[in-house]
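**Q** My questions all concern the structure below.
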Amino acid sequence: MKDRQLELNSNSRMEAVQSPLIPIVGEWISQNPGTISLGQGVVSYPPPPEAIAAVTEFLADPANHIYQEVEGIPALRKAIATKLKVENNIEIDRDNCVVVTAGSNMAFMNAILAITSAGDEIILNTPYYFNHEMAITMANCQPILVPTDENYQLQPEAIAKAITSKTRAVVTISPNNPTGVVYPSSALAQVNQICEERGIYHISDEAYEYFTYEGVEHFSPASLPKSENHTISLFSLSKAYGFASWRIGYMVIPKNLLMPVKKVQDTNLICPPVISQYAALGALKAGVSYCQKYLPAISLVREDFLQKLSAIREICTVADTAGAFYFFLKINTAISDLELAKKLIENYKVATIPGSTFGIKDGCYLRVAYGALDPETARDGMQRLVEGLMEL
């Protein structure tokens, strides 16, 4: 009976899901006090005062302590619709709708469960965001990996060739995690058209929409004409407004997916945390200008990183990037990315994320994040990283 119980406990779909390396890296950091982490994808600044003030407003009304609408409180959905129209050129009308979620990770899982059956395929462009791959696998679906080019840009022709009768969606992330590249509107429009022609969905992850540099502009595929019925857009307030732990994001979906998404969300969450929805209302009241006032400092750190990395081109290479707050470094070494990441923590007290967790198995890659630290600490971390790589 005991052996049978062990067998039952181990026979789970979760066996096929990769174990994320971030907790492993976190354990190495805890074992090496004083380590500067260039791993976590968050910002260093706090939420806007308007978000904090909105929490007080939430507490003042006893009715807020009961369940609210599955898809989010009406006031927040209305504020989001206004934001989408002004900033993304996305019109919310009878063909689409907004659903508030507990972060854009939940939005992605909502979408996958709503549009797939077991055995279906979802196309990911590599390197991918690891939580996307994990969610697809958890849903008993198959991630189909399509490589980007040498500059981590989309290859629409390769995407089209990868589509089969089992394909349900193509996922794009722009600005990109983990590479930091921004996809041009022409490439995103081409992918969106392919999806329309093939009768599949285009899932567009836009969590880093405000983080672009050098005059590069973000583009939302759902702003394209006639895209409402096949485009799913994912957004997050975690990055721009400095409250990752509040877990608030939202999705724009075709109207016919509303009931399937509500079924998923009601089962997993019932409703997004209402206190966080009030904070989101306050954040949207502060608006994009709140994030924009911090971008110059992040941009300066980015430029400093690029300058330091240019001095060791023979050791590592980095593609041109114009978004998010990541670099995806290709390291010219025979050792594995996991071994290198561990050595950098133990010997130089600087943490990065191994590239293999993003689906890159051939060669040694590291993701470096530069948005989570104050400029001085970030530069110190980069100096440690450069020194570590130079002494490989």
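Chain labels follow the order of the structure tokens: the first chain is A, the next B, and so on; residue numbering restarts at 1 in every chain, and ligands are counted from 1 in their shown order.
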Hey, what's within 6 Å of Arg367 of chain A if we count only C-alpha atoms and toss same-chain stuff fewer than 6 positions away? As a compact mmCIF listing (two decimals) with N, CA and C atoms, in the first residue's frame, please?
**A**
```txt
# COMPACT_ATOMS: atom_id res chain seq x y z
N PHE A 327 19.35 42.30 -20.72
CA PHE A 327 20.28 41.91 -21.77
C PHE A 327 20.35 40.38 -21.75
N PHE A 328 20.48 39.79 -22.93
CA PHE A 328 20.64 38.34 -23.03
C PHE A 328 22.02 38.09 -23.61
N THR A 352 22.94 36.23 -11.94
CA THR A 352 22.24 36.34 -13.22
C THR A 352 21.34 35.10 -13.35
N ILE A 353 20.56 35.04 -14.42
CA ILE A 353 19.70 33.89 -14.65
C ILE A 353 20.23 33.11 -15.86
```
**Q** Run DSSP on the backbone and tell me which residues of segment 121-280 of chain A come out as strand (DSSP E); list them as a PyMOL selection string.
**A** chain A and resi 121-126+142-147+167-173+201-205+231-236+249-254
**Q** List every residue of segment 151-206 of chain A that has an atom at most 12 Å from any atom of segment 126-137 of chain A, giving for each one its closest atom pair and the distance in Å to one decimal, counting only C-alpha atoms, sorted by chain and then by ascending residue number, as a tab-separated table.
**A**
```
residue	atom	partner	partner_atom	distance
A:Asn151	CA	A:Pro127	CA	11.2
A:Tyr152	CA	A:Pro127	CA	7.9
A:Gln153	CA	A:Thr126	CA	9.7
A:Leu154	CA	A:Thr126	CA	9.2
A:Gln155	CA	A:Thr126	CA	10.6
A:Ala158	CA	A:Thr126	CA	11.9
A:Ile159	CA	A:Thr126	CA	11.2
A:Arg168	CA	A:Ile136	CA	11.3
A:Ala169	CA	A:Ile136	CA	11.0
A:Val170	CA	A:His132	CA	11.5
A:Val171	CA	A:His132	CA	8.8
A:Thr172	CA	A:Tyr128	CA	9.0
A:Ile173	CA	A:Tyr129	CA	8.3
A:Ser174	CA	A:Tyr129	CA	11.3
A:Pro175	CA	A:Tyr129	CA	11.8
A:Asn176	CA	A:Tyr129	CA	8.6
A:Asn177	CA	A:Tyr129	CA	6.0
A:Pro178	CA	A:Tyr129	CA	6.5
A:Thr179	CA	A:Pro127	CA	7.6
A:Gly180	CA	A:Pro127	CA	11.0
A:Val181	CA	A:Pro127	CA	11.3
A:Ile203	CA	A:His132	CA	10.9
A:Ser204	CA	A:His132	CA	11.8
A:Asp205	CA	A:Tyr129	CA	10.0
```
**Q** Taking only C-alpha atoms into account, name the residue in A:Leu281, A:Leu257, A:Val43, A:Ile80 that is nearest to Tyr326 of chain A.
**A**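 When distances to Tyr326 of chain A are compared using only C-alpha atoms, the smallest one comes from A:Val43.
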**Q** Go through A:Asn229, A:Thr267, A:Gln18, A:Ser238 one by one, measure the shortest atom-to-atom distance of each to Pro46 of chain A using only C-alpha atoms, and give the residue with the smallest value.
**A**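 The closest residue to Pro46 of chain A is A:Ser238.
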**Q** Just want the 12 Å neighbourhood of Ser310 of chain A, counted on only C-alpha atoms, with same-chain residues fewer than 6 positions away dropped. Output as number ranges by chain.
**A** A: 303-304, 316-320, 329, 386
**Q** Tell me, in Å to one decimal, how far atom CA of Ala81 of chain A is from atom CA of Glu214 of chain A.
**A**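 Atom-to-atom, atom CA of Ala81 of chain A and atom CA of Glu214 of chain A are spaced 28.1 Å apart.
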**Q** For Lys239 of chain A, which of A:Ala189, A:Leu340, A:Ala324, A:Ile298 is the closest residue, counting only C-alpha atoms?
**A**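 Closest to Lys239 of chain A of all the choices is A:Ala324.
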**Q** Which of these, A:Ile24, A:Ser227, A:Tyr250, A:Pro296, has the shortest distance to Leu338 of chain A once you count only C-alpha atoms?
**A**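 Among A:Ile24, A:Ser227, A:Tyr250, A:Pro296, it is A:Ile24 that comes nearest to Leu338 of chain A.
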**Q** Give me, as a list in words, all polymer residues having an atom no more than 10 Å from Met14 of chain A, counting only C-alpha atoms and skipping those fewer than 2 positions away in the same chain.
**A**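 Counting only the stated atoms, we get Ser10, Asn11, Ser12, Ala16, Val17, Gln18, Ser19, Met134, Thr137, Met138, Ala139 and Asn140 of chain A.
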**Q** Where in segment 140-233 of chain A does DSSP assign helix (DSSP H, G or I), given as a list of chain:residue names?
**A**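 Helix (DSSP H, G or I) members of segment 140-233 of chain A, listed: A:Pro156, A:Glu157, A:Ala158, A:Ile159, A:Ala160, A:Lys161, A:Ala162, A:Ser185, A:Ser186, A:Ala187, A:Leu188, A:Ala189, A:Gln190, A:Val191, A:Asn192, A:Gln193, A:Ile194, A:Cys195, A:Glu196, A:Glu197, A:Arg198, A:Pro221, A:Ala222, A:Ser223.
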